[in-house]
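Chemist: Got a structure for you, questions after.
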Amino acid sequence: MAQVEAKAEAGHEAEAERVHWSRWPPMAALGVGVFFGLLALAFSFQGLLLRVGIVAGGLALFLAGALGWLREDIRRPSRAVFGASEVSQAHPQRVSVRKVGMWFFLASEIAFFSGIIGTSFALRTRTAAPWPHPGVILNVPLTGLNTFILIVSSLTMVEALAAIEKGDQRRLRIFLLATLLLGCTFVSIQAFEYNKLFHEGLTPTAAPLGAPAVYGTTFYIQTGFHGAHVSGGIVAMAYVTLRAFRGGFSKENHEAVELMGLYWHFVDVVWIFLFTIVYLI
Amino acid sequence: METTAAAKAEAGHGARRPYVPVAVALAMLTVVEVLSPGLPAARNIVVAVLLALATSKASLVVLYYMHLRYEPRWLSYLPLGVMVLVLFLVLALSV
């Protein structure tokens, strides 16, 4: 009996060992090394084909490693945690490494958007021509409605997570699908607005009604990068929703829904500031 | 203190979190935002009010929807740490 238990334990250890050993991370690291290392050297080689080939080879190796890693990681729930061991139920200190990774990514995104918003603000304060008053060029009521749509999509996203935390598959699917559709609506309204503004003369290099041209530049840079983030989120949301409809999540295994939500809410937070800074101030 | 922490952990697992009230608050604050440029007040005051409203809305989303209120405190040092860098960036850009 004891022998059987020992054997089972050894099996578990072997399983843990297998889970921890992966060829993908070193492959991705090697790819990055080859890419950047040879990017620096590439220009000393003769022949365009050789240069492009070397750099593209490194990039391909990195992409293969990163995608392989992602594919392997996405298939099983992670038990890896970060932080001090649990002190007590009342003071949880541990957070899953995936969530910490997502927060690191979001922290870098805060820096990214702050750079864009800060630069736009600096351009505005340095422009001699007067900045147009709110609502003169941009459609504030329509964008207010779009803001409302994004807020509702954040609510449906968090309700999807709450549903799967209780193991409710039906509500998970309904709320994920609603979030996906609301996200598509947001981007569609933005595309409609872009089209209208272009016809009225607001382009990345020009602005109508005597407004400085940089007004158009900062408008499209800020809302464009945000729109690209929402569009990327929609692609990821479509994947998560598809997986939910195939029964890919459970009460115990649904971290992807939570991480997807973190990204989605972050994009909402960025829009909250952009709406104020670009449309109302 | 002990009971608050325990209540927090409890709210994190069992009790229903206030998702709908937060959404209602966000929607109401948005309506106030859309109306506030028309207020008969000095422009500087309107801008200050608008930025305060945006910060309140963002805080609500981060605390309740992104669950930072229910996570260990050290996790919030990550975005807060970047905010310090951002402050330097904004100061440098406005010189």
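Going through the structure tokens in order, the chains are called A, B, and so on, while each chain numbers its residues from 1 and the ligands are numbered from 1 in the order shown.
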Quick one: contact table of chain A to chain B, 9 Å max, nearest atom pair and distance in Å to one decimal per residue, counting only C-alpha atoms, chain and number order, as CSV?
Modeler:
```
residue,atom,partner,partner_atom,distance
A:Gly83,CA,B:Trp74,CA,8.8
A:Gln89,CA,B:Ala9,CA,7.1
A:Ala90,CA,B:Ala6,CA,4.6
A:His91,CA,B:Ala5,CA,6.8
A:Pro92,CA,B:Pro72,CA,6.2
A:Gln93,CA,B:Pro72,CA,5.2
A:Arg94,CA,B:Pro72,CA,7.3
A:Val95,CA,B:Pro72,CA,7.7
A:Val100,CA,B:Leu75,CA,7.5
A:Trp103,CA,B:Leu78,CA,7.1
A:Phe104,CA,B:Leu78,CA,6.9
A:Leu106,CA,B:Pro79,CA,7.6
A:Ala107,CA,B:Pro79,CA,5.1
A:Ser108,CA,B:Val82,CA,7.8
A:Ile110,CA,B:Val82,CA,7.2
A:Ala111,CA,B:Val86,CA,6.4
A:Ser114,CA,B:Val86,CA,6.4
A:Gly115,CA,B:Leu89,CA,7.4
A:Gly118,CA,B:Val90,CA,5.8
A:Thr119,CA,B:Leu93,CA,6.9
A:Phe121,CA,B:Ser94,CA,8.2
A:Ala122,CA,B:Leu93,CA,5.9
A:Thr125,CA,B:Ser94,CA,8.2
A:Pro134,CA,B:Pro37,CA,7.3
A:Val140,CA,B:Val34,CA,7.2
A:Pro141,CA,B:Val34,CA,7.3
A:Gly144,CA,B:Val34,CA,6.7
A:Thr147,CA,B:Thr30,CA,7.8
A:Phe148,CA,B:Ala27,CA,6.2
A:Ile151,CA,B:Ala23,CA,6.8
A:Val152,CA,B:Ala23,CA,6.9
A:Ser154,CA,B:Tyr65,CA,7.5
A:Leu155,CA,B:Ala23,CA,6.4
A:Met157,CA,B:Tyr65,CA,8.8
A:Val158,CA,B:Tyr65,CA,6.2
A:Glu159,CA,B:Tyr19,CA,7.6
A:Ala162,CA,B:Arg16,CA,8.7
A:Glu258,CA,B:Met66,CA,8.8
A:Gly261,CA,B:Met66,CA,7.5
A:Leu262,CA,B:Met66,CA,5.6
A:Tyr263,CA,B:Met66,CA,8.9
A:His265,CA,B:Met66,CA,6.6
A:Phe266,CA,B:Val62,CA,7.7
A:Asp268,CA,B:Val61,CA,8.1
A:Val269,CA,B:Ala58,CA,5.2
A:Val270,CA,B:Ala58,CA,8.1
A:Ile272,CA,B:Ala54,CA,6.0
A:Phe273,CA,B:Ala54,CA,5.8
A:Phe275,CA,B:Ala54,CA,8.7
A:Thr276,CA,B:Leu50,CA,6.6
A:Ile277,CA,B:Leu51,CA,8.1
A:Leu280,CA,B:Pro37,CA,6.6
A:Ile281,CA,B:Val47,CA,6.2
```
Chemist: Find the residues near Thr223 of chain A: any atom within 9 Å, counting only C-alpha atoms, skip ones fewer than 6 places away on the same chain, and give them as a list in words.
Modeler: Gln190, Trp271, Leu274, Phe275 and Val278 of chain A
Chemist: Store the residues picked out above, limited to N, CA and C atoms, as a PDB file, in the first residue's frame.
Modeler:
```pdb
ATOM      1  N   GLN A 190     -16.768  54.905 -33.230  1.00  0.00           N
ATOM      2  CA  GLN A 190     -15.543  55.688 -33.422  1.00  0.00           C
ATOM      3  C   GLN A 190     -15.187  55.779 -34.906  1.00  0.00           C
ATOM      4  N   TRP A 271      -9.850  55.363 -21.522  1.00  0.00           N
ATOM      5  CA  TRP A 271     -10.867  56.140 -22.216  1.00  0.00           C
ATOM      6  C   TRP A 271     -11.484  57.205 -21.296  1.00  0.00           C
ATOM      7  N   LEU A 274      -9.146  59.975 -21.525  1.00  0.00           N
ATOM      8  CA  LEU A 274      -9.110  60.559 -22.873  1.00  0.00           C
ATOM      9  C   LEU A 274     -10.368  61.354 -23.165  1.00  0.00           C
ATOM     10  N   PHE A 275     -11.514  60.826 -22.766  1.00  0.00           N
ATOM     11  CA  PHE A 275     -12.780  61.526 -23.009  1.00  0.00           C
ATOM     12  C   PHE A 275     -12.738  62.913 -22.364  1.00  0.00           C
ATOM     13  N   VAL A 278      -9.502  64.996 -24.166  1.00  0.00           N
ATOM     14  CA  VAL A 278      -9.619  65.309 -25.597  1.00  0.00           C
ATOM     15  C   VAL A 278     -10.947  66.012 -25.919  1.00  0.00           C
TER      16      VAL A 278
END
```
Chemist: Would you please give, as an MDAnalysis selection string, all residues of segment 36-278 of chain A that DSSP assigns to helix (DSSP H, G or I) based on the backbone?
Modeler: chainID A and resid 36:42 48:74 97:125 140:165 169:200 213:245 255:278
Chemist: Given the choices A:Lys166, A:His226, A:Arg23, A:His254, which gets closest to Gly68 of chain A if the distance is worked out from only C-alpha atoms?
Modeler: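 Smallest distance to Gly68 of chain A is found for A:Arg23.
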Chemist: Just want the 12 Å neighbourhood of segment 195-199 of chain A, counted on only C-alpha atoms, with same-chain residues fewer than 5 positions away dropped. Output as a PyMOL selection string.
Modeler: chain A and resi 136-139+188-190+204-208+216+219-220
Chemist: Atom CA of Leu242 of chain A and atom CA of Thr143 of chain A, how far apart in Å?
Modeler: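 Between atom CA of Thr143 of chain A and atom CA of Leu242 of chain A the gap works out to 29.4 Å.
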